[in-house]
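K.L.:
The structure that follows is given in the form of structure tokens.
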Amino acid sequence: MAATTDANNDAVPIRYRFARLGTELLAPWVLVLALPLLLAWDVTGHDPGRALLWGSVVGVTGSLIPMAVIVRGAKAGRWQTHHVTDRAGRLVPFATGLASLAAGFLLMFFGGAPYQMLALSIAMLASLLGSIAITFGLRFKVSMHAAVASGAAIILAIGHWLALVPLALPVAWVCWSRVEVGDHTAREILGGVVLGAVLGGGGYWALITAMA
């Protein structure tokens, strides 16, 4: 397995550094912050104010608030890193994410957000609930990096399915990176890809089809 320390950067293989870069650049919190803003820009007809408003509601409640809890917990020593690689340690971050996303959904629902943004929020909630069921019900450490990346790729490609070809590249990168750095097995990555594609991407597509 590749070296797992960055203490001496010269001694860290380039392969591992490239994997670590993918793990950080395509981390769930980054994608969950960026995806709603990109989607909101499109569904609001490129209205800067509304796009920033609704994209920020999903981004803040789905990404920044849970990540703040995770980083604080990591600094306090509750889990090893901000990626929460210990399966049992994921309960608090998952619970925080559920509560925060639910609050964001209510804000958008009563605030008159576009139905696509409501669908995104519901799909994210469904993905998180699925992750909780798998993680604690089946005791299987499904990869959240893989789940979020695959779901985001499908959501962005809806209506432009050829875009899945280039979007598959960053998904493959982050999936490979999680195995390379030693945080997940190939089976856990595959579980994440399926979860994200079905509940995240597929769930969003089903919802906007029903709501349109």
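We name chains A, B, ... following the order of the structure tokens; residues begin at 1 in each chain, and ligands are numbered from 1 as shown.
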Can you check which residues of chain A DSSP gives as alpha helix (DSSP H) on the backbone and send them as a VMD selection string?

P.N.:
chain A and resid 14 to 25 28 to 43 48 to 59 65 to 75 91 to 111 115 to 132 144 to 157 164 to 180 186 to 195 203 to 211

K.L.:
Residues at most 10 Å from Pro170 (chain A), counting only C-alpha atoms, excluding those fewer than 2 positions away in the same chain, as number ranges by chain?

P.N.:
A: 22, 25-26, 149-150, 153, 166-168, 172-176

K.L.:
Give me, as a Markdown table, each residue of region 110-160 of chain A that comes within 10 Å of region 189-193 of chain A, together with its shortest interatomic pair and the distance in Å at one decimal, counting only C-alpha atoms, with rows ordered by chain and rising residue number.

P.N.:
```
| residue | atom | partner | partner_atom | distance |
| --- | --- | --- | --- | --- |
| A:Ser127 | CA | A:Gly192 | CA | 9.9 |
| A:Ser131 | CA | A:Gly192 | CA | 8.4 |
| A:Ile134 | CA | A:Gly191 | CA | 9.3 |
| A:Phe140 | CA | A:Gly191 | CA | 9.0 |
| A:Lys141 | CA | A:Gly191 | CA | 8.9 |
| A:Val142 | CA | A:Gly192 | CA | 5.3 |
| A:Ser143 | CA | A:Gly192 | CA | 4.8 |
| A:Met144 | CA | A:Gly192 | CA | 6.1 |
| A:His145 | CA | A:Gly192 | CA | 7.4 |
| A:Ala146 | CA | A:Gly192 | CA | 4.9 |
| A:Ala147 | CA | A:Gly192 | CA | 4.2 |
| A:Val148 | CA | A:Gly192 | CA | 7.9 |
| A:Ala149 | CA | A:Val193 | CA | 7.7 |
| A:Ser150 | CA | A:Val193 | CA | 5.5 |
| A:Gly151 | CA | A:Val193 | CA | 7.7 |
```

K.L.:
Between A:Ala88, A:Ile155, A:Val69, A:Val57, which has the minimum distance to Ala102 (chain A) (counting only C-alpha atoms)?

P.N.:
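Smallest separation from Ala102 (chain A) among the options: A:Val57.
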
K.L.:
Looking at A:Leu120, A:Ala163, A:Ala113, A:Ala210, which one is nearest to Val32 (chain A), with distances taken over only C-alpha atoms?

P.N.:
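For Val32 (chain A), the nearest of the given residues is A:Leu120.
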
K.L.:
What separation in Å, quoted to one decimal, exists between CA of Asp42 (chain A) and CA of Leu195 (chain A)?

P.N.:
25.2 Å

K.L.:
Using only C-alpha atoms, can you tell me which of A:Leu21, A:Leu53, A:Leu106, A:Met124 comes closest to Ala152 (chain A)?

P.N.:
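So, comparing all the options, the nearest one is A:Met124.
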
K.L.:
To one decimal in Å, tell me the separation between CA of Pro28 (chain A) and CA of Tyr204 (chain A).

P.N.:
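Atom-to-atom, CA of Pro28 (chain A) and CA of Tyr204 (chain A) are spaced 17.2 Å apart.
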
K.L.:
Identify which of the residues A:Leu199, A:Val171, A:Ala186, A:Val92 lies closest to Leu128 (chain A), counting only C-alpha atoms when measuring atom-to-atom distances.

P.N.:
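With only C-alpha atoms as the atom set, the closest residue is A:Leu199.
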
K.L.:
What is the CA of Ala95 (chain A)-CA of Ala74 (chain A) distance in Å, reported with one decimal?

P.N.:
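About the pair CA of Ala95 (chain A) and CA of Ala74 (chain A): they are 16.1 Å apart.
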
K.L.:
Between A:Ala123, A:Val181, A:Leu169, A:Ala51, single out the one closest to Ile208 (chain A), counting only C-alpha atoms.

P.N.:
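Closest to Ile208 (chain A), using only C-alpha atoms: A:Ala123.
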
K.L.:
Near Ser56 (chain A), counting only C-alpha atoms, which residues have an atom at most 12 Å away, once you skip same-chain residues fewer than 2 positions from it, shown as a VMD selection string?

P.N.:
chain A and resid 32 to 41 48 to 54 58 to 65 101 104 to 105 107 to 108 113 117 121
